[in-house]
Amino acid sequence: MSSFIKDIIPEEGRLLETHEYVLIGDEDDRVRVGISHFAAESLGDVVFVELPEIGLTLEKGDPFGSIESVKAASDLYSPVGGEVVAINMKLEEEPELVNDNCYGDGWMIEIQLSNPEELNELMEPEAYFKFLDNTQ
Amino acid sequence: MRRDYTNPSGALTDQMTNFLPHTPADRQALCDAIGITSPEALFEDIPESLRSQLTYTVLPQHGLSEQELMEELKTLADNNQANGFANFLGGGAYPRFIPMGVNTIANRSEFYTAYTPYQPEMSQGTLQVGFEFQTMISELTGMDVANAAVYDGGTAVSEAAFMAVRIKRRKKILIAKTVHPQHREILATYVEGLGEVTVETFDPAHLDQTLNTLDEKEAKTVACVILQQPNYFGSLETTQNIQDFCQQSGALFIVSADPVSLGLLKAPSDYGADIVVGDIQPLGNHLAYGGPYGGYMACKQKYMRQLPGRLVGRTTDRKGRPCYTLTLQTREQHIRRAKATSNICTSQTLNVLKATVYLALLGPQGLKHLAHLSVQRAHYLAERLVQLDGVELLHPKQPFFSEFALTLPVPVKPVLDSLNTHRILGGLPLADEYPEHPNSLLISVTELNTPEQLEQYIRFFSQALSLTRPDSQAGVSTSPALEAYSS
Amino acid sequence: MTTQATPEPLAPLERSLFEKSSPGHRGLSLPATGVPEQPLDQLLPPELQRKESAKLPELAQLDIIRHFVRLSKLNHSIDDDFYPLGSCTMKYNPKVCDYYGMLDGLTQLHPRTPDHLSQGTLEIIYTLQQYLADITGFHQVSLQPAAGAQGELVGMMMIKAHFKKIGETQRTEVIIPDSAHGTNPASAAMCGFKVLELKSAENGLVDVVGLKTLLSEKTAAVMLTNPSTLGLFERDILEITQTVHDAGGLLYYDGANLNAVMGQAKPADMGFDVMHINTHKTFATPHGGGGPGCGPVATTPLLAPYLPSPIVAFDNGQYTLHNNRPDSIGRVKTFNGNFEMMARAFTYISAYGAKGLAQVTQDAVLNANYIRKQLEATYEIPYDQVCKHEFVMNSHRQKKYDERLNTMAIAKRLMDYGIHPMTVYFPLIAHEAMMVEPTETESKETLDRFIDVMRQIDAECRNSPELILNAPHTTPVQKVDEVSAARNPDLNFYCCPI
């Protein structure tokens, strides 16, 4: 399936096996979290994204919300630990942004990292593609 | 008398294939095509020990013909001696007039032999009925959205409570002791599986006491407060204090309401309800000894995604034609599996259809008239009965709707037995569920209780009372005198 | 917000009741109050009364009846044509079972009528309890659960109550195959159990070795469907149940596929401890467009004390409702269960008798295998062996003609031939699954027509894939926009899209 879907992940992206990505922004210890293009396309047309409240503290691997298409639903897991400092309010009205531009307007939450070291445990884009190939 | 079903007369020994189309030649042709000599070959993967020990002790060997089946059912129906009695039983199931049109429509096999409308192209009929039902329930309750529907009013109470637990992420459920006792029993059964969730019962008459025992921190652990309106005794509850408590503590206010009463009473949204539930049986559904009925659930828009059960949405097809489809299905078990909002797969669709036709036939004025009529007749009967010596309303200070509780100067059972001999089902004794009211009786009045029935009730009730009084000279048999009405 | 262009609006197939409503119309005349009236404000405090009527529709009776009759014509139904829906057992609902609805003595009985005045109804319930115990081999039956899923939940609650009673509360895990119905994990989770998924073996059956590795002193139960959702009978069922019992666990039988073994083998004899029955599948109570159901639970003497109340007993010539059962899990539904479904199932079973029910199963299995054999040259059948009442095929061969073709497109094309799609994409372990269950009530002519249609669709896939991809073409509505429906839910006529 992965061969049909062209996923172009920004170089600085780091990913989890459950297809959530982390993008490091201008501030070193503050990151954006979303799901990979591959994950969004596998789900189909996204119809709803449930996001947490600002201020929630997450450990790495904690569920922070869920994402739904017409016929599928999936929990979202945090690739890193920290505090939720922003959520993408736009997704409430336009969940399709996750399909259209998952690494841009389709981001989900911003996390203030509690342990930046955790970033090193995630996959780089190349490793993620390899992981996709192996699981298909 | 228990009949012997193991040896029915006239059994269909040689044509037992009642609704099976195959002739022996058809079966042989199928076997030939499969490449087997006999259908037995298709069961060889079942261990021989399982197949060889098949015996039946009760199930008859042979089936009955259609005529015999109908005779059999008629006999059984006739064995219900309550058939044709004047019925003053309520308590959550109400004898109400069912217009002919309701079953004319519900008996159309295009509706009742259809599958769940997962394929919208082949199910627009069922889907549109669901959408119209959702709209009607939203209108009656004043809520934004309604589902279509869950098992019954009792399970709807539990489902609403668990919605609140999920939404508020809190663990305490407060429920009034005046909510239907069986609905509270269902909640107690279901809550067993929910780990730390607790249910606390409160007396709405002393609500302030309950709330005062909760300090501010404890108040913030309350997920919801559940009230029934009118309550199990038919009385109307005051709601302001619960509304205030919910506003302060953030708990959700859940109201269980008889839909017919909403023809006349305020929509629960007007007194702060967040979720409204109830049973649609009174809307054109048979009493049927307890089911099938249906539970409606309505809520504010912001809680929509936590609403269990089926939802129909309006949309368009590729040509832009308005149409309907099941929507928000990801809440349901067939997608969410262990994480679904509920394991329910059924939506009581046929009961929903009956309720929708019923409400369409009555319209706003009809429903209001019916509610008004029930209130008037109930009050007429209550006033006549409390004139009898020693008979009192159990809750004289509370207004009631179309059902009321009386306290008698004598035990309830012999009075009810005596009414039975006059072909009257006189009411429900309250002692089983409320031992603190040993001599109390719950009486329901609807449009089916004609003015003549009311007069008869008054006459025979008064007679039974005087015969049952301890100072009575006559005395009355306290055992059900079957022979008095068996002919 | 949708990005696609809005097409010219078309008229709805049938305008809603609310659009047709106009003030002053009445659908029904009602009797007068008939007693001396009092001012309403003296009876009900004005502040509790509605100020404005609910916006229910106002139409004349004929217009209401026409509305619903027209809506009925937009439905597909068993009485209209074939429903090869795997796992759903859409069999003919015999008309004699409708006779129930004409008997006031049954339909108008209040659920709290005293037992001695309800003997006919209680006799039906009692006899059905006995029949179902006989058919399944179990000791006792409760008819209270409102539907199969609730029966399943009840069964798991009983297992939990049992382990609590005997002090084995460490048994918190339930093992469920990956081929199971979605209700199984949902029901187990609702009882607070942790669900362990058991991967099926290569042949689609229970992997006995894998099962053994999951079993432990934490195992409360294993939930199985037999035959499985692939329509395959678990040959090693006796070994499986023995293994689970040896580990101290119990076995739950999902009765969804009872039609495949009824009259041929009994779940209790296989070693199961508790099961539910879906009366709308096995015993032909109407599906109703999604309910009502009835989910009887049958069990062994070990678990019988935990069955929900009430149960009907027969003592001294009288039938009585038994409520006082101290170990019962309690009540799961108001009143006494869905009696109408019981009366219909009772009628159905009485119409067949034991020999008839055995024939039902035999014909259901014969029909499924006939279709399987006739279609195996055309469609890939991943587990191609003797099946029970249903089998699974897929669209892999058709995908080779055109990569865009899939199971959903083929299913939708069936509609153009007047046949309801089979069950698709279930069970989850079979890719692009198309699950076919013909049931015993379809004639050879109907089966042959279905086979012809499926071959025709295969030819269309090869020669004119666009025809398949754009299907259906003849249904009242086509390609419903489910994405917009879910993004902007519009659930209430008076309340604009949310």
# chains A, B, ... in the order shown; residues from 1 in each chain; ligands from 1
$ interface_residues --of "chain A" --to "chain C" --cutoff "9 Å" --atoms "only C-alpha atoms" --output "PDB file with N, CA, C and O atoms, in the first residue's frame"
ATOM      1  N   ASP A  45     -10.914  10.021   3.982  1.00  0.00           N
ATOM      2  CA  ASP A  45     -11.312  11.394   4.280  1.00  0.00           C
ATOM      3  C   ASP A  45     -11.510  11.576   5.778  1.00  0.00           C
ATOM      4  O   ASP A  45     -12.404  10.971   6.365  1.00  0.00           O
ATOM      5  N   VAL A  46     -10.694  12.421   6.371  1.00  0.00           N
ATOM      6  CA  VAL A  46     -10.806  12.649   7.813  1.00  0.00           C
ATOM      7  C   VAL A  46     -12.045  13.512   8.073  1.00  0.00           C
ATOM      8  O   VAL A  46     -12.244  14.539   7.408  1.00  0.00           O
ATOM      9  N   VAL A  47     -12.884  13.084   9.016  1.00  0.00           N
ATOM     10  CA  VAL A  47     -14.114  13.834   9.292  1.00  0.00           C
ATOM     11  C   VAL A  47     -14.109  14.476  10.674  1.00  0.00           C
ATOM     12  O   VAL A  47     -14.911  15.362  10.959  1.00  0.00           O
ATOM     13  N   PHE A  48     -13.227  14.027  11.543  1.00  0.00           N
ATOM     14  CA  PHE A  48     -13.242  14.578  12.896  1.00  0.00           C
ATOM     15  C   PHE A  48     -11.910  14.313  13.579  1.00  0.00           C
ATOM     16  O   PHE A  48     -11.349  13.233  13.456  1.00  0.00           O
ATOM     17  N   SER A  69     -12.348   8.817  10.302  1.00  0.00           N
ATOM     18  CA  SER A  69     -12.847   8.975   8.943  1.00  0.00           C
ATOM     19  C   SER A  69     -14.266   8.423   8.962  1.00  0.00           C
ATOM     20  O   SER A  69     -14.802   8.145  10.027  1.00  0.00           O
ATOM     21  N   VAL A  70     -14.883   8.261   7.782  1.00  0.00           N
ATOM     22  CA  VAL A  70     -16.259   7.769   7.790  1.00  0.00           C
ATOM     23  C   VAL A  70     -16.340   6.370   8.394  1.00  0.00           C
ATOM     24  O   VAL A  70     -17.226   6.060   9.166  1.00  0.00           O
ATOM     25  N   GLU A  93     -13.263  22.910  12.441  1.00  0.00           N
ATOM     26  CA  GLU A  93     -14.093  23.250  11.280  1.00  0.00           C
ATOM     27  C   GLU A  93     -13.626  22.534  10.011  1.00  0.00           C
ATOM     28  O   GLU A  93     -14.418  22.262   9.127  1.00  0.00           O
ATOM     29  N   GLU A  94     -12.326  22.327   9.910  1.00  0.00           N
ATOM     30  CA  GLU A  94     -11.767  21.799   8.668  1.00  0.00           C
ATOM     31  C   GLU A  94     -10.871  20.581   8.913  1.00  0.00           C
ATOM     32  O   GLU A  94      -9.650  20.664   8.744  1.00  0.00           O
ATOM     33  N   PRO A  95     -11.481  19.467   9.301  1.00  0.00           N
ATOM     34  CA  PRO A  95     -10.654  18.282   9.567  1.00  0.00           C
ATOM     35  C   PRO A  95      -9.918  17.803   8.320  1.00  0.00           C
ATOM     36  O   PRO A  95      -8.900  17.123   8.419  1.00  0.00           O
ATOM     37  N   GLU A  96     -10.425  18.224   7.125  1.00  0.00           N
ATOM     38  CA  GLU A  96      -9.794  17.773   5.884  1.00  0.00           C
ATOM     39  C   GLU A  96      -8.365  18.310   5.721  1.00  0.00           C
ATOM     40  O   GLU A  96      -7.610  17.825   4.876  1.00  0.00           O
TER      41      GLU A  96
END
$ select_by_dssp --residues "segment 284-475 of chain C" --states "strand (DSSP E)" --output "MDAnalysis selection string"
chainID C and resid 297:299 311:315 318:322 391:394 423:424 433:436
$ residues_around --residues "Tyr324 of chain B" --least-positions-apart "4" --cutoff "6 Å" --atoms "only C-alpha atoms" --output "PyMOL selection string"
chain B and resi 127+313-315
$ residues_around --residues "Gln463 of chain B" --least-positions-apart "5" --cutoff "10 Å" --atoms "only C-alpha atoms" --output "list of chain:residue names"
B:Val415, B:Ser418, B:Leu419, B:Tyr457, B:Ile458, B:Thr468
$ write_last_selection --atoms "N, CA, C and O atoms" --output "PDB file, in the first residue's frame"
ATOM      1  N   VAL B 415     -57.384  -5.659  48.192  1.00  0.00           N
ATOM      2  CA  VAL B 415     -58.179  -4.698  47.427  1.00  0.00           C
ATOM      3  C   VAL B 415     -57.977  -4.947  45.928  1.00  0.00           C
ATOM      4  O   VAL B 415     -58.941  -4.998  45.150  1.00  0.00           O
ATOM      5  N   SER B 418     -59.682  -8.101  44.855  1.00  0.00           N
ATOM      6  CA  SER B 418     -61.115  -7.897  44.742  1.00  0.00           C
ATOM      7  C   SER B 418     -61.459  -7.160  43.448  1.00  0.00           C
ATOM      8  O   SER B 418     -62.409  -7.522  42.747  1.00  0.00           O
ATOM      9  N   LEU B 419     -60.645  -6.154  43.094  1.00  0.00           N
ATOM     10  CA  LEU B 419     -60.875  -5.441  41.824  1.00  0.00           C
ATOM     11  C   LEU B 419     -60.714  -6.401  40.640  1.00  0.00           C
ATOM     12  O   LEU B 419     -61.448  -6.318  39.653  1.00  0.00           O
ATOM     13  N   TYR B 457     -64.399   1.843  38.605  1.00  0.00           N
ATOM     14  CA  TYR B 457     -63.253   1.744  39.521  1.00  0.00           C
ATOM     15  C   TYR B 457     -63.660   2.277  40.895  1.00  0.00           C
ATOM     16  O   TYR B 457     -63.440   1.630  41.918  1.00  0.00           O
ATOM     17  N   ILE B 458     -64.277   3.479  40.888  1.00  0.00           N
ATOM     18  CA  ILE B 458     -64.651   4.111  42.163  1.00  0.00           C
ATOM     19  C   ILE B 458     -65.599   3.199  42.939  1.00  0.00           C
ATOM     20  O   ILE B 458     -65.428   2.957  44.132  1.00  0.00           O
ATOM     21  N   THR B 468     -62.657  -5.007  53.106  1.00  0.00           N
ATOM     22  CA  THR B 468     -61.335  -5.387  53.581  1.00  0.00           C
ATOM     23  C   THR B 468     -60.987  -4.754  54.928  1.00  0.00           C
ATOM     24  O   THR B 468     -60.057  -5.180  55.592  1.00  0.00           O
TER      25      THR B 468
END
$ residues_around --residues "Leu48 of chain C" --least-positions-apart "3" --cutoff "6 Å" --atoms "only C-alpha atoms" --output "count of residues only"
3
$ atom_distance --atom1 "atom CA of Val255 of chain B" --atom2 "atom CA of Ile186 of chain B"
16.3 Å
$ atom_distance --atom1 "atom CA of Asn343 of chain B" --atom2 "atom CA of Asn184 of chain C"
8.4 Å
$ atom_distance --atom1 "atom CA of Tyr118 of chain B" --atom2 "atom CA of Val157 of chain B"
26.6 Å
$ residues_around --residues "Arg30 of chain A" --least-positions-apart "2" --cutoff "12 Å" --atoms "only C-alpha atoms" --output "list in words"
Val22, Leu23, Ile24, Gly25, Asp26, Glu27, Asp28, Arg32, Val33, Val80, Gly81, Gly82, Glu83, Val84, Val85, Ala86, Ile109, Glu110, Ile111, Gln112, Leu113, Ser114, Asn115, Pro116 and Leu119 of chain A
$ write_last_selection --atoms "C-alpha atoms" --output "short mmCIF file (atom, residue, chain, number, x, y, z; two decimals), in the first residue's frame"
data_model
loop_
_atom_site.label_atom_id
_atom_site.label_comp_id
_atom_site.auth_asym_id
_atom_site.auth_seq_id
_atom_site.Cartn_x
_atom_site.Cartn_y
_atom_site.Cartn_z
CA VAL A 22 7.08 15.58 15.61
CA LEU A 23 8.33 18.74 13.91
CA ILE A 24 10.81 20.89 15.76
CA GLY A 25 9.96 24.58 15.49
CA ASP A 26 11.94 27.73 16.14
CA GLU A 27 12.04 27.11 19.86
CA ASP A 28 14.08 24.01 20.59
CA ARG A 32 4.39 20.31 16.72
CA VAL A 33 2.65 16.92 16.53
CA VAL A 80 7.12 12.74 23.24
CA GLY A 81 6.42 13.73 26.83
CA GLY A 82 5.54 17.25 27.86
CA GLU A 83 2.75 19.77 28.27
CA VAL A 84 0.18 20.58 25.59
CA VAL A 85 0.68 24.31 24.96
CA ALA A 86 -1.39 24.77 21.80
CA ILE A 109 -0.97 19.95 18.98
CA GLU A 110 2.13 21.72 20.22
CA ILE A 111 4.05 20.25 23.11
CA GLN A 112 6.52 21.87 25.47
CA LEU A 113 9.05 19.05 25.79
CA SER A 114 9.83 17.76 29.25
CA ASN A 115 12.76 15.72 28.00
CA PRO A 116 14.23 16.73 24.62
CA LEU A 119 13.47 13.02 20.24
#
$ residues_around --residues "Pro63 of chain A" --least-positions-apart "2" --cutoff "10 Å" --atoms "only C-alpha atoms" --output "ChimeraX atom specification"
/A:52,58-61,65-66,75-79
$ write_last_selection --atoms "C-alpha atoms" --output "JSON list (two decimals), in the first residue's frame"
[["chain", "number", "residue", "atom", "x", "y", "z"],
["A", 52, "PRO", "CA", -7.00, 17.53, 24.24],
["A", 58, "LEU", "CA", 1.53, 13.78, 28.51],
["A", 59, "GLU", "CA", 4.08, 11.02, 28.83],
["A", 60, "LYS", "CA", 5.59, 9.58, 25.70],
["A", 61, "GLY", "CA", 3.05, 7.09, 24.23],
["A", 65, "GLY", "CA", -6.96, 12.38, 21.15],
["A", 66, "SER", "CA", -8.50, 10.49, 18.28],
["A", 75, "ASP", "CA", -6.39, 6.90, 18.77],
["A", 76, "LEU", "CA", -3.57, 9.42, 18.62],
["A", 77, "TYR", "CA", -0.44, 8.84, 20.72],
["A", 78, "SER", "CA", 2.07, 11.40, 21.78],
["A", 79, "PRO", "CA", 5.56, 10.73, 20.38]]
$ select_by_dssp --residues "segment 14-103 of chain A" --states "alpha helix (DSSP H)" --output "list in words"
His37, Phe38, Ala39, Ala40, Glu41, Ser42, Leu43, Lys90, Leu91, Glu92, Glu93, Leu97, Val98, Asn99 and Asp100 of chain A
$ write_last_selection --atoms "N, CA, C and O atoms" --output "mmCIF file, in the first residue's frame"
data_model
loop_
_atom_site.group_PDB
_atom_site.id
_atom_site.type_symbol
_atom_site.label_atom_id
_atom_site.label_comp_id
_atom_site.auth_asym_id
_atom_site.auth_seq_id
_atom_site.Cartn_x
_atom_site.Cartn_y
_atom_site.Cartn_z
ATOM 1 N N HIS A 37 1.434 11.666 6.344
ATOM 2 C CA HIS A 37 0.582 11.654 5.155
ATOM 3 C C HIS A 37 0.110 10.227 4.875
ATOM 4 O O HIS A 37 -1.041 9.994 4.515
ATOM 5 N N PHE A 38 1.015 9.278 5.078
ATOM 6 C CA PHE A 38 0.647 7.879 4.862
ATOM 7 C C PHE A 38 -0.531 7.502 5.758
ATOM 8 O O PHE A 38 -1.507 6.892 5.319
ATOM 9 N N ALA A 39 -0.464 7.885 7.030
ATOM 10 C CA ALA A 39 -1.538 7.545 7.968
ATOM 11 C C ALA A 39 -2.842 8.221 7.567
ATOM 12 O O ALA A 39 -3.911 7.598 7.566
ATOM 13 N N ALA A 40 -2.751 9.495 7.180
ATOM 14 C CA ALA A 40 -3.961 10.233 6.815
ATOM 15 C C ALA A 40 -4.624 9.601 5.598
ATOM 16 O O ALA A 40 -5.841 9.431 5.555
ATOM 17 N N GLU A 41 -3.810 9.216 4.605
ATOM 18 C CA GLU A 41 -4.377 8.620 3.392
ATOM 19 C C GLU A 41 -4.925 7.222 3.666
ATOM 20 O O GLU A 41 -5.899 6.797 3.052
ATOM 21 N N SER A 42 -4.302 6.496 4.575
ATOM 22 C CA SER A 42 -4.806 5.163 4.914
ATOM 23 C C SER A 42 -6.177 5.257 5.571
ATOM 24 O O SER A 42 -7.035 4.406 5.371
ATOM 25 N N LEU A 43 -6.375 6.292 6.353
ATOM 26 C CA LEU A 43 -7.674 6.458 7.018
ATOM 27 C C LEU A 43 -8.770 6.843 6.024
ATOM 28 O O LEU A 43 -9.923 6.494 6.191
ATOM 29 N N LYS A 90 -8.300 25.073 14.051
ATOM 30 C CA LYS A 90 -8.839 25.017 12.688
ATOM 31 C C LYS A 90 -9.414 23.639 12.350
ATOM 32 O O LYS A 90 -10.326 23.525 11.535
ATOM 33 N N LEU A 91 -8.854 22.599 12.984
ATOM 34 C CA LEU A 91 -9.289 21.241 12.632
ATOM 35 C C LEU A 91 -10.745 20.987 13.023
ATOM 36 O O LEU A 91 -11.390 20.098 12.479
ATOM 37 N N GLU A 92 -11.236 21.769 13.976
ATOM 38 C CA GLU A 92 -12.628 21.604 14.389
ATOM 39 C C GLU A 92 -13.560 21.846 13.194
ATOM 40 O O GLU A 92 -14.509 21.098 12.962
ATOM 41 N N GLU A 93 -13.263 22.910 12.441
ATOM 42 C CA GLU A 93 -14.093 23.250 11.280
ATOM 43 C C GLU A 93 -13.626 22.534 10.011
ATOM 44 O O GLU A 93 -14.418 22.262 9.127
ATOM 45 N N LEU A 97 -7.991 19.303 6.560
ATOM 46 C CA LEU A 97 -6.612 19.809 6.504
ATOM 47 C C LEU A 97 -5.607 18.695 6.777
ATOM 48 O O LEU A 97 -4.480 18.740 6.291
ATOM 49 N N VAL A 98 -6.036 17.693 7.561
ATOM 50 C CA VAL A 98 -5.133 16.577 7.852
ATOM 51 C C VAL A 98 -4.820 15.817 6.561
ATOM 52 O O VAL A 98 -3.692 15.372 6.347
ATOM 53 N N ASN A 99 -5.819 15.679 5.682
ATOM 54 C CA ASN A 99 -5.579 15.016 4.400
ATOM 55 C C ASN A 99 -4.781 15.917 3.454
ATOM 56 O O ASN A 99 -3.885 15.478 2.759
ATOM 57 N N ASP A 100 -5.139 17.224 3.462
ATOM 58 C CA ASP A 100 -4.586 18.135 2.457
ATOM 59 C C ASP A 100 -3.145 18.534 2.740
ATOM 60 O O ASP A 100 -2.357 18.696 1.822
#
$ closest_residue --among "B:Gln329, B:Leu362, B:Leu373, B:Ile344" --to "chain A" --atoms "only C-alpha atoms"
B:Gln329
$ closest_residue --among "B:Gly320, B:Gly295, B:Gly91, B:Gly366" --to "Pro308 of chain B" --atoms "only C-alpha atoms"
B:Gly295
$ closest_residue --among "A:Ser36, A:Asn101, A:Thr57, A:Asn134" --to "His19 of chain A" --atoms "only C-alpha atoms"
A:Ser36
